[in-house]
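Structure file model_29.cif; described as mmCIF, C-alpha atoms and all ligand atoms.
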data_start
#
loop_
_atom_site.label_atom_id
_atom_site.label_comp_id
_atom_site.auth_asym_id
_atom_site.auth_seq_id
_atom_site.Cartn_x
_atom_site.Cartn_y
_atom_site.Cartn_z
CA MET Q 1 43.44 -16.80 -56.86
CA ASN Q 2 46.74 -17.84 -55.30
CA HIS Q 3 49.95 -15.97 -55.66
CA SER Q 4 53.47 -16.42 -54.44
CA THR Q 5 54.25 -12.73 -54.47
CA ASP Q 6 52.35 -9.47 -54.79
CA VAL Q 7 50.96 -8.83 -58.26
CA PRO Q 8 51.40 -5.20 -59.28
CA ALA Q 9 48.41 -3.28 -60.59
CA THR Q 10 50.41 -1.78 -63.45
CA THR Q 11 53.31 -2.67 -65.73
CA LEU Q 12 55.76 -0.84 -67.92
CA GLU Q 13 55.36 -1.99 -71.53
CA LEU Q 14 56.40 -1.06 -75.07
CA ARG Q 15 53.76 0.20 -77.53
CA SER Q 16 54.15 1.06 -81.22
CA THR Q 17 52.03 3.71 -82.94
CA ILE Q 18 51.92 4.92 -86.55
CA SER Q 19 50.80 8.53 -86.82
CA GLU Q 20 48.95 10.09 -89.76
CA ASP Q 21 51.91 12.37 -90.42
CA GLY Q 22 53.95 9.29 -91.42
CA ASN Q 23 56.06 8.37 -88.40
CA VAL Q 24 56.22 5.27 -86.25
CA THR Q 25 56.90 5.77 -82.55
CA LEU Q 26 57.96 3.05 -80.15
CA GLY Q 27 57.58 4.15 -76.56
CA ILE Q 28 57.50 2.94 -73.00
CA ARG Q 29 54.03 3.30 -71.47
CA ARG Q 30 52.36 2.29 -68.22
CA GLY Q 31 49.52 -0.23 -68.61
CA ASP Q 32 47.27 -2.30 -66.37
CA VAL Q 33 47.88 -5.87 -65.23
CA ALA Q 34 44.53 -7.67 -65.50
CA ALA Q 35 43.40 -9.88 -62.62
CA PRO Q 36 43.64 -13.51 -63.75
CA GLY Q 37 40.45 -15.42 -64.60
CA ASP Q 38 40.06 -19.11 -63.66
CA ASP Q 39 42.28 -20.32 -66.52
CA ASP Q 40 44.78 -17.46 -66.42
CA VAL Q 41 48.17 -16.86 -64.88
CA VAL Q 42 50.18 -13.71 -64.25
CA VAL Q 43 53.75 -13.95 -65.57
CA ARG Q 44 56.66 -11.81 -64.42
CA ILE Q 45 58.47 -11.48 -67.73
CA GLU Q 46 62.21 -11.90 -67.46
CA ALA Q 47 63.15 -12.07 -71.15
CA ALA Q 48 61.68 -11.73 -74.64
CA PRO Q 49 63.51 -12.04 -77.97
CA ILE Q 50 63.24 -9.40 -80.69
CA ASN Q 51 62.65 -11.75 -83.61
CA PRO Q 52 62.69 -10.60 -87.26
CA SER Q 53 58.89 -10.96 -87.30
CA ASP Q 54 58.63 -8.54 -84.34
CA LEU Q 55 60.47 -5.81 -86.23
CA GLY Q 56 57.57 -5.31 -88.65
CA MET Q 57 55.22 -4.59 -85.76
CA LEU Q 58 57.77 -2.47 -83.90
CA PHE Q 59 58.89 -0.25 -86.77
CA ALA Q 60 56.78 -1.04 -89.87
CA MET Q 61 59.81 -0.94 -92.22
CA ALA Q 62 60.72 2.61 -91.13
CA ASP Q 63 64.04 4.18 -92.06
CA LEU Q 64 65.89 3.35 -88.83
CA ASP Q 65 68.97 5.38 -89.88
CA ALA Q 66 66.74 8.40 -89.31
CA ALA Q 67 65.44 7.23 -85.91
CA THR Q 68 65.55 9.90 -83.18
CA ALA Q 69 64.76 10.01 -79.48
CA VAL Q 70 61.48 11.59 -78.33
CA ASP Q 71 61.50 13.66 -75.15
CA GLY Q 72 58.86 12.89 -72.56
CA GLU Q 73 58.25 11.54 -69.10
CA LEU Q 74 58.84 8.03 -70.42
CA PRO Q 75 61.30 7.59 -73.32
CA ALA Q 76 60.39 6.80 -76.91
CA VAL Q 77 61.99 6.61 -80.36
CA THR Q 78 60.47 7.73 -83.65
CA ALA Q 79 61.34 7.10 -87.30
CA PRO Q 80 59.85 8.17 -90.65
CA LEU Q 81 57.79 5.87 -92.89
CA SER Q 82 57.27 6.03 -96.64
CA ASP Q 83 53.81 7.07 -97.91
CA ARG Q 84 53.42 3.57 -99.38
CA VAL Q 85 53.89 1.95 -95.96
CA VAL Q 86 51.52 4.37 -94.22
CA ALA Q 87 48.86 3.60 -96.87
CA ALA Q 88 49.39 -0.16 -96.47
CA MET Q 89 49.18 0.07 -92.67
CA GLY Q 90 45.94 2.08 -92.68
CA ALA Q 91 44.27 -0.27 -90.19
CA ARG Q 92 46.77 0.55 -87.44
CA VAL Q 93 47.28 4.28 -88.02
CA GLY Q 94 46.61 6.15 -84.76
CA LYS Q 95 46.34 2.95 -82.71
CA SER Q 96 48.78 2.15 -79.92
CA MET Q 97 49.77 -1.47 -80.60
CA PRO Q 98 51.20 -3.98 -78.10
CA VAL Q 99 54.41 -5.65 -79.32
CA GLY Q 100 56.47 -8.81 -78.73
CA ASN Q 101 55.32 -12.22 -79.95
CA GLU Q 102 56.87 -14.39 -77.26
CA GLY Q 103 58.76 -14.37 -73.99
CA GLY Q 104 59.70 -16.24 -70.87
CA GLY Q 105 59.14 -15.64 -67.18
CA VAL Q 106 57.87 -16.90 -63.85
CA VAL Q 107 54.21 -17.48 -62.97
CA ILE Q 108 53.55 -15.33 -59.88
CA ALA Q 109 49.76 -15.72 -59.63
CA ALA Q 110 47.22 -18.19 -60.95
CA GLY Q 111 43.47 -18.55 -61.39
CA SER Q 112 41.47 -21.27 -59.68
CA SER Q 113 41.53 -23.97 -62.38
CA GLU Q 114 43.75 -27.02 -61.97
CA ALA Q 115 45.74 -26.14 -65.10
CA ALA Q 116 46.42 -22.61 -63.88
CA GLN Q 117 47.33 -23.73 -60.36
CA ALA Q 118 49.77 -26.31 -61.80
CA LEU Q 119 51.79 -23.44 -63.32
CA LEU Q 120 52.19 -21.41 -60.11
CA GLY Q 121 55.88 -20.78 -59.46
CA LYS Q 122 56.92 -22.40 -62.77
CA VAL Q 123 59.16 -20.93 -65.44
CA VAL Q 124 57.15 -20.73 -68.66
CA GLY Q 125 57.70 -19.76 -72.26
CA PHE Q 126 54.66 -18.05 -73.76
CA LEU Q 127 53.23 -16.75 -77.04
CA SER Q 128 51.16 -13.60 -76.63
CA GLY Q 129 51.74 -10.75 -79.08
CA ASN Q 130 52.31 -8.35 -76.15
CA ALA Q 131 55.44 -9.81 -74.53
CA TYR Q 132 57.47 -6.59 -74.28
CA ALA Q 133 56.25 -5.78 -70.78
CA GLN Q 134 57.19 -6.49 -67.19
CA PHE Q 135 54.00 -8.43 -66.34
CA ARG Q 136 51.22 -10.02 -68.38
CA THR Q 137 48.08 -11.96 -67.60
CA LEU Q 138 47.90 -14.94 -69.96
CA ASN Q 139 45.67 -17.95 -70.60
CA VAL Q 140 47.30 -21.26 -69.64
CA ALA Q 141 47.08 -22.39 -73.29
CA GLN Q 142 49.52 -19.61 -74.22
CA CYS Q 143 52.16 -21.00 -71.83
CA LEU Q 144 54.62 -23.86 -72.03
CA ALA Q 145 55.91 -25.03 -68.64
CA MET Q 146 59.62 -25.74 -68.42
CA ALA Q 147 61.45 -28.21 -66.19
CA ASP Q 148 62.30 -26.90 -62.72
CA GLY Q 149 65.60 -25.04 -62.75
CA THR Q 150 65.19 -23.71 -66.31
CA ASP Q 151 66.42 -20.15 -66.74
CA ALA Q 152 63.58 -17.87 -67.90
CA ALA Q 153 65.91 -16.46 -70.58
CA ASP Q 154 66.22 -19.96 -72.07
CA ALA Q 155 62.41 -20.26 -72.10
CA ALA Q 156 61.92 -16.93 -73.89
CA ALA Q 157 62.09 -18.25 -77.47
CA ALA Q 158 60.12 -21.48 -77.09
CA PHE Q 159 57.46 -20.93 -79.74
CA VAL Q 160 58.23 -18.97 -82.91
CA ASN Q 161 61.48 -20.55 -84.10
CA PRO Q 162 61.30 -24.01 -82.44
CA LEU Q 163 57.80 -24.80 -83.73
CA THR Q 164 58.65 -23.40 -87.17
CA ALA Q 165 61.78 -25.55 -87.47
CA LEU Q 166 59.81 -28.61 -86.36
CA GLY Q 167 56.98 -27.60 -88.68
CA MET Q 168 59.33 -27.59 -91.66
CA VAL Q 169 60.30 -31.21 -91.06
CA GLU Q 170 56.64 -32.17 -90.49
CA THR Q 171 55.66 -30.42 -93.74
CA MET Q 172 58.49 -32.10 -95.63
CA LYS Q 173 57.28 -35.53 -94.52
CA ALA Q 174 53.56 -34.82 -94.97
CA GLU Q 175 54.16 -33.68 -98.56
CA GLY Q 176 56.23 -36.72 -99.51
CA HIS Q 177 59.73 -35.22 -99.58
CA THR Q 178 62.67 -36.90 -97.87
CA ALA Q 179 65.19 -34.09 -97.34
CA LEU Q 180 65.06 -30.29 -97.30
CA VAL Q 181 66.89 -27.07 -98.12
CA HIS Q 182 67.00 -24.05 -95.80
CA THR Q 183 68.19 -20.67 -97.07
CA VAL Q 184 69.26 -18.88 -93.85
CA GLY Q 185 71.28 -21.72 -92.38
CA ALA Q 186 73.20 -19.67 -89.81
CA SER Q 187 70.12 -17.98 -88.32
CA ASN Q 188 68.86 -19.08 -84.91
CA LEU Q 189 66.12 -21.02 -86.66
CA GLY Q 190 68.65 -22.52 -89.07
CA GLN Q 191 70.88 -23.75 -86.28
CA MET Q 192 67.86 -25.35 -84.56
CA LEU Q 193 66.81 -27.02 -87.81
CA ASN Q 194 70.34 -28.33 -88.25
CA ARG Q 195 70.25 -29.92 -84.78
CA ILE Q 196 66.79 -31.42 -85.42
CA CYS Q 197 67.89 -32.91 -88.75
CA ILE Q 198 71.07 -34.40 -87.27
CA ALA Q 199 69.11 -35.94 -84.37
CA ASP Q 200 66.31 -37.26 -86.61
CA GLY Q 201 68.48 -38.44 -89.50
CA VAL Q 202 66.90 -36.02 -92.02
CA GLY Q 203 68.99 -34.75 -94.95
CA LEU Q 204 69.45 -30.96 -94.83
CA VAL Q 205 71.11 -28.56 -97.27
CA ASN Q 206 72.02 -25.33 -95.46
CA ILE Q 207 72.53 -22.18 -97.54
CA VAL Q 208 74.48 -19.26 -96.00
CA ARG Q 209 76.00 -16.16 -97.59
CA GLN Q 210 79.35 -15.81 -95.76
CA PRO Q 211 82.34 -18.20 -95.44
CA ASP Q 212 82.34 -17.70 -91.63
CA HIS Q 213 78.87 -19.16 -91.50
CA VAL Q 214 79.97 -22.26 -93.41
CA ALA Q 215 82.52 -22.81 -90.64
CA LEU Q 216 79.92 -22.08 -87.94
CA LEU Q 217 77.50 -24.70 -89.21
CA ARG Q 218 80.22 -27.25 -89.90
CA SER Q 219 81.40 -26.84 -86.29
CA GLN Q 220 77.85 -27.84 -85.31
CA GLY Q 221 77.99 -31.02 -87.36
CA ALA Q 222 76.29 -29.85 -90.56
CA GLU Q 223 77.23 -31.99 -93.56
CA HIS Q 224 75.94 -29.85 -96.42
CA VAL Q 225 76.57 -26.09 -96.24
CA CYS Q 226 76.59 -24.03 -99.45
CA ASP Q 227 77.82 -20.42 -99.53
CA SER Q 228 75.74 -18.36 -101.96
CA SER Q 229 78.58 -15.80 -102.22
CA ALA Q 230 80.99 -18.43 -103.64
CA ASP Q 231 81.63 -18.76 -107.40
CA SER Q 232 81.04 -22.48 -107.05
CA PHE Q 233 77.61 -22.02 -105.40
CA GLY Q 234 75.53 -23.54 -108.24
CA ALA Q 235 77.78 -26.60 -108.47
CA ASP Q 236 77.98 -26.95 -104.66
CA LEU Q 237 74.22 -26.73 -104.29
CA THR Q 238 73.60 -29.24 -107.09
CA GLU Q 239 76.03 -31.68 -105.48
CA ALA Q 240 74.36 -31.29 -102.05
CA LEU Q 241 70.91 -31.82 -103.59
CA ARG Q 242 72.19 -34.93 -105.37
CA ALA Q 243 73.63 -36.27 -102.11
CA THR Q 244 70.50 -35.62 -100.03
CA GLY Q 245 67.68 -35.94 -102.58
CA ALA Q 246 66.13 -32.70 -101.24
CA THR Q 247 63.14 -31.54 -103.31
CA ILE Q 248 61.61 -29.01 -100.87
CA ALA Q 249 63.14 -25.73 -99.70
CA PHE Q 250 62.19 -23.20 -97.01
CA ASP Q 251 63.31 -19.70 -97.95
CA ALA Q 252 63.27 -16.82 -95.45
CA ILE Q 253 64.78 -14.33 -97.92
CA GLY Q 254 61.99 -14.18 -100.51
CA GLY Q 255 63.35 -11.42 -102.74
CA GLY Q 256 65.83 -11.94 -105.58
CA THR Q 257 66.82 -15.08 -107.47
CA LEU Q 258 67.81 -17.60 -104.80
CA ALA Q 259 64.49 -19.51 -104.87
CA SER Q 260 64.84 -19.77 -108.65
CA THR Q 261 68.41 -21.06 -108.36
CA VAL Q 262 67.32 -23.71 -105.87
CA LEU Q 263 64.57 -24.90 -108.23
CA SER Q 264 67.00 -24.95 -111.21
CA CYS Q 265 69.53 -27.04 -109.30
CA MET Q 266 66.80 -29.41 -108.08
CA GLU Q 267 65.63 -29.83 -111.69
CA ARG Q 268 69.19 -30.52 -112.86
CA VAL Q 269 69.41 -33.41 -110.37
CA ALA Q 270 65.88 -34.66 -111.13
CA GLY Q 271 66.72 -34.67 -114.86
CA GLU Q 272 69.65 -37.01 -114.32
CA SER Q 273 67.29 -39.96 -113.97
CA GLY Q 274 64.64 -40.77 -116.58
CA GLY Q 275 64.37 -39.76 -120.20
CA PHE Q 276 64.24 -36.31 -121.78
CA SER Q 277 61.01 -34.32 -121.86
CA ILE Q 278 60.53 -30.81 -123.20
CA TYR Q 279 58.49 -30.15 -120.04
CA GLY Q 280 61.30 -31.19 -117.71
CA SER Q 281 61.26 -33.90 -115.06
CA ASP Q 282 58.09 -35.04 -113.32
CA THR Q 283 59.65 -34.55 -109.86
CA LEU Q 284 57.74 -31.95 -107.84
CA LYS Q 285 60.13 -29.22 -106.69
CA GLN Q 286 58.66 -27.08 -103.90
CA VAL Q 287 59.86 -23.78 -102.43
CA TYR Q 288 58.05 -22.28 -99.45
CA ILE Q 289 58.84 -18.62 -98.80
CA TYR Q 290 58.42 -18.21 -95.05
CA GLY Q 291 60.14 -14.85 -94.41
CA GLY Q 292 60.80 -11.48 -96.02
CA LEU Q 293 64.44 -10.70 -95.27
CA ASP Q 294 64.71 -9.27 -98.81
CA ARG Q 295 61.52 -7.31 -99.53
CA GLY Q 296 62.23 -7.13 -103.28
CA PRO Q 297 60.35 -9.16 -105.94
CA THR Q 298 60.86 -12.93 -106.11
CA GLU Q 299 62.44 -13.47 -109.53
CA LEU Q 300 61.72 -16.84 -111.18
CA ARG Q 301 63.73 -17.62 -114.33
CA ARG Q 302 61.60 -20.71 -115.03
CA ASP Q 303 64.45 -22.87 -116.26
CA PHE Q 304 63.27 -25.75 -114.08
CA GLY Q 305 60.61 -27.51 -116.16
CA MET Q 306 56.90 -27.44 -115.36
CA THR Q 307 56.66 -29.50 -112.17
CA TRP Q 308 57.26 -26.98 -109.43
CA ALA Q 309 55.47 -24.84 -106.86
CA VAL Q 310 56.30 -21.70 -104.92
CA GLY Q 311 54.09 -20.75 -101.99
CA GLY Q 312 54.01 -19.07 -98.62
CA TRP Q 313 54.43 -20.85 -95.29
CA LEU Q 314 53.47 -19.53 -91.86
CA LEU Q 315 53.57 -21.16 -88.45
CA THR Q 316 50.03 -20.38 -87.30
CA PRO Q 317 48.16 -21.91 -90.27
CA PHE Q 318 50.51 -24.90 -90.10
CA LEU Q 319 49.63 -25.47 -86.42
CA MET Q 320 45.91 -25.02 -87.11
CA LYS Q 321 46.07 -27.88 -89.62
CA GLN Q 322 47.64 -30.29 -87.09
CA THR Q 323 45.74 -32.52 -84.66
CA PRO Q 324 45.98 -31.59 -80.95
CA GLU Q 325 48.14 -34.72 -80.48
CA VAL Q 326 50.70 -33.52 -83.02
CA VAL Q 327 50.82 -30.01 -81.52
CA GLU Q 328 51.27 -31.52 -78.05
CA ARG Q 329 54.09 -33.77 -79.32
CA LEU Q 330 55.90 -30.77 -80.80
CA ARG Q 331 55.41 -28.64 -77.66
CA ARG Q 332 56.69 -31.44 -75.41
CA ARG Q 333 59.81 -31.82 -77.50
CA VAL Q 334 60.50 -28.08 -77.33
CA ALA Q 335 60.13 -28.04 -73.53
CA ALA Q 336 62.33 -31.11 -73.11
CA GLU Q 337 65.10 -29.78 -75.39
CA ILE Q 338 64.88 -26.03 -74.74
CA THR Q 339 68.53 -25.67 -73.69
CA THR Q 340 69.92 -27.98 -76.38
CA THR Q 341 68.15 -28.44 -79.74
CA PHE Q 342 66.12 -25.24 -79.32
CA ALA Q 343 68.67 -22.95 -77.69
CA SER Q 344 68.96 -19.42 -79.13
CA THR Q 345 71.98 -17.11 -79.30
CA TYR Q 346 71.77 -13.38 -78.58
CA GLY Q 347 74.15 -10.56 -79.41
CA MET Q 348 72.77 -8.10 -76.85
CA ARG Q 349 70.53 -7.89 -73.80
CA LEU Q 350 68.42 -4.74 -73.62
CA SER Q 351 66.28 -3.12 -70.93
CA LEU Q 352 62.99 -1.50 -72.00
CA HIS Q 353 64.85 1.84 -71.95
CA ASP Q 354 67.64 0.45 -74.18
CA ALA Q 355 65.03 -0.86 -76.63
CA VAL Q 356 63.91 2.70 -77.43
CA ASP Q 357 67.43 4.12 -77.66
CA PRO Q 358 68.05 5.10 -81.34
CA ASP Q 359 71.56 3.59 -81.47
CA HIS Q 360 70.34 0.25 -80.07
CA VAL Q 361 67.36 0.34 -82.44
CA ARG Q 362 69.68 0.69 -85.45
CA ARG Q 363 71.76 -2.24 -84.23
CA TYR Q 364 68.97 -4.73 -83.49
CA GLY Q 365 67.08 -3.61 -86.61
CA ARG Q 366 69.84 -5.04 -88.83
CA VAL Q 367 68.87 -8.76 -88.44
CA ALA Q 368 72.35 -10.29 -88.68
CA THR Q 369 73.63 -13.66 -87.52
CA GLY Q 370 74.41 -13.62 -83.78
CA GLU Q 371 73.04 -10.08 -83.33
CA LYS Q 372 69.53 -10.83 -82.08
CA ALA Q 373 68.43 -8.78 -79.06
CA LEU Q 374 66.96 -10.28 -75.90
CA LEU Q 375 64.76 -7.82 -74.04
CA THR Q 376 65.01 -8.06 -70.24
CA PRO Q 377 62.01 -6.03 -68.99
CA GLN Q 378 62.89 -6.29 -65.29
CA ALA Q 379 66.33 -4.68 -65.80
N1 LIG Q 401 56.89 -17.95 -91.43
C1 LIG Q 401 57.00 -18.14 -90.12
O1 LIG Q 401 56.02 -18.58 -89.49
C2 LIG Q 401 58.29 -17.84 -89.43
C3 LIG Q 401 58.45 -18.28 -88.12
C4 LIG Q 401 59.69 -18.08 -87.51
C5 LIG Q 401 60.70 -17.41 -88.18
N2 LIG Q 401 60.48 -16.97 -89.44
C6 LIG Q 401 61.57 -16.30 -90.19
O2 LIG Q 401 62.75 -17.04 -90.04
C7 LIG Q 401 63.86 -16.20 -90.35
C8 LIG Q 401 64.99 -16.47 -89.37
O3 LIG Q 401 64.60 -16.03 -88.07
P1 LIG Q 401 65.68 -16.04 -86.88
O4 LIG Q 401 64.98 -15.59 -85.66
O5 LIG Q 401 66.35 -17.35 -86.86
O6 LIG Q 401 66.68 -14.90 -87.37
P2 LIG Q 401 68.13 -14.46 -86.83
O7 LIG Q 401 68.67 -15.42 -85.85
O8 LIG Q 401 68.01 -13.02 -86.45
O9 LIG Q 401 69.02 -14.55 -88.13
C9 LIG Q 401 68.71 -13.80 -89.27
C10 LIG Q 401 69.45 -14.41 -90.45
O10 LIG Q 401 69.00 -13.85 -91.66
C11 LIG Q 401 70.13 -13.62 -92.50
N3 LIG Q 401 69.75 -12.50 -93.37
C12 LIG Q 401 69.32 -11.27 -93.01
N4 LIG Q 401 69.03 -10.54 -94.10
C13 LIG Q 401 69.30 -11.34 -95.17
C14 LIG Q 401 69.21 -11.15 -96.59
N5 LIG Q 401 68.77 -10.01 -97.11
N6 LIG Q 401 69.60 -12.18 -97.38
C15 LIG Q 401 70.06 -13.34 -96.87
N7 LIG Q 401 70.14 -13.58 -95.54
C16 LIG Q 401 69.77 -12.58 -94.70
C17 LIG Q 401 71.28 -13.31 -91.57
O11 LIG Q 401 72.47 -13.67 -92.21
P3 LIG Q 401 73.71 -12.64 -92.32
O12 LIG Q 401 74.39 -12.64 -90.98
O13 LIG Q 401 74.51 -13.22 -93.42
O14 LIG Q 401 73.11 -11.29 -92.64
C18 LIG Q 401 70.96 -14.24 -90.37
O15 LIG Q 401 71.56 -15.51 -90.52
C19 LIG Q 401 63.30 -14.79 -90.33
O16 LIG Q 401 63.16 -14.33 -91.67
C20 LIG Q 401 61.95 -14.95 -89.68
O17 LIG Q 401 61.03 -13.95 -90.05
C21 LIG Q 401 59.30 -17.16 -90.07
#
Kindly present the structure from the file in structure tokens form.
Amino acid sequence: MNHSTDVPATTLELRSTISEDGNVTLGIRRGDVAAPGDDDVVVRIEAAPINPSDLGMLFAMADLDAATAVDGELPAVTAPLSDRVVAAMGARVGKSMPVGNEGGGVVIAAGSSEAAQALLGKVVGFLSGNAYAQFRTLNVAQCLAMADGTDAADAAAAFVNPLTALGMVETMKAEGHTALVHTVGASNLGQMLNRICIADGVGLVNIVRQPDHVALLRSQGAEHVCDSSADSFGADLTEALRATGATIAFDAIGGGTLASTVLSCMERVAGESGGFSIYGSDTLKQVYIYGGLDRGPTELRRDFGMTWAVGGWLLTPFLMKQTPEVVERLRRRVAAEITTTFASTYGMRLSLHDAVDPDHVRRYGRVATGEKALLTPQA
């Protein structure tokens, strides 16, 4: 094993635990740093985003308004859960879970293999499921090396959103569609998707829910931005679908009627060509629900004929269906464009201590445009 600096034996890290009495506690703990095997590296973690998908693991849909600090040698925060959630989370009750899907940092030690040695001293983004820590030992396959001079904070969100945005365009093409709809256009992922579609000449209909976010996306070159809070939303969306020919949508909201509205507007456009049929057009209209920003039921009015599909979409199964060459192509693009196409915006930078402060928890738990937290574990 080679290392450019001393590797500590222990690390501070965040852990989340659901207790049988119906509370979730997120606390700072001290854990071990494993010695790297041949194909492993030790990363000093400089930054890790708190993505919407991390919040489920951190707080399990707890009532964060009721979050309170827990006294102890190392700080923690606790919040109450509903009985329904505790029952659904039975498999993790009483277990201290690592948290944090992805992060970025510097490789400070490496195992003996060529691939591990090649990463020594490099800034990497990584996907690990335990990123909210100061140091982690990771397999080289979990890491994506960045160009020299890359800031570790820029490398921190190199997997979850970039590969999902790219995966949406790949899915669109593989399933025979030529343009797409995205329902949280102003999100970090939405802004990445907008840049991808502009660069690749793919038609994109962005849906947002605030006039400010129409302006934000237009300032980034978006052609079609529809505000779901506007009276003219249905007409605007239909016009954008007509202009782009989009017949597939990726919806991070899930609950409510938006997916249904998208399908209805797609059917209206599809019905404009061809003759009348009681069963509607024969154009396949696809909505993939890929997030749960609204946990309520998905309401389908079924006023969009019979040729439609609604399904779930997740990054990991998508990647598992791709050839190694495709995955490598996507990873290379992310690394090459990490500060441009795949740049993220953060509303706050938090130390590990800040991350368990109840007021900060309430703020980063809101999931609003521009408010994402970047954890900086060395601070
Ligand atoms: N399936 C997968 O594999 C996968 C992978 C990556 C990401 N995702 C999902 O992608 C989504 C975006 O992630 P991100 O990191 O880009 O998020 P982000 O930057 O934190 O932005 C969150 C966005 O969601 C909007 N939002 C929040 N609650 C909403 C609601 N109830 N209805 C409508 N809009 C709402 C916010 O808009 P306002 O400011 O208007 O509230 C904001 O634009 C998340 O849902 C995430 O879970 C899924």
For this session: Go through the chains and note each residue within 8 Å of ligand LIG 401 (chain Q), using only C-alpha atoms and all ligand atoms, then give the set as JSON, numbers by chain.
Result: {"Q": [51, 52, 53, 160, 161, 162, 163, 164, 165, 183, 184, 185, 186, 187, 188, 189, 190, 191, 208, 209, 210, 213, 252, 253, 255, 289, 290, 291, 292, 293, 294, 312, 313, 314, 315, 316, 344, 345, 366, 367, 368, 369, 370, 371, 372]}
Problem set entry | Near-range 13-16 of chain Q list (8 Å; all atoms listed in the file; drop same-chain fewer than 6 positions) as a PyMOL selection string | chain Q and resi 24-31+57-59+96-99+132-134+352
Exercise. Hey, what's within 10 Å of Ala235 in chain Q if we count only C-alpha atoms and toss same-chain stuff fewer than 6 positions away? As number ranges by chain, please?
Worked result: Q: 226, 241, 265
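Using all atoms listed in the file, the smallest distance between any of Q:Val287, Q:Met192, Q:Ile207, Q:Ala243 and Thr340 in chain Q comes from Q:Met192.
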Exercise. What is the distance between CA of Glu267 in chain Q and CA of Cys197 in chain Q, in Å to one decimal?
Worked result: 23.3 Å
For this session: Could you please determine the separation between CA of Val42 in chain Q and CA of Ala156 in chain Q in Å, to one decimal place?
Result: 15.5 Å
Exercise. With distances taken over all atoms listed in the file, which of Q:Gly103, Q:Ala34, Q:Ala110, Q:Thr150 is nearest to Ala336 in chain Q?
Worked result: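 Counting all atoms listed in the file, the residue closest to Ala336 in chain Q is Q:Thr150.
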Problem set entry | Among listed residues Q:Glu46, Q:Glu328, Q:Glu102, Q:Asp63, nearest Gln378 in chain Q (using all atoms listed in the file) |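 Nearest to Gln378 in chain Q: Q:Glu46.
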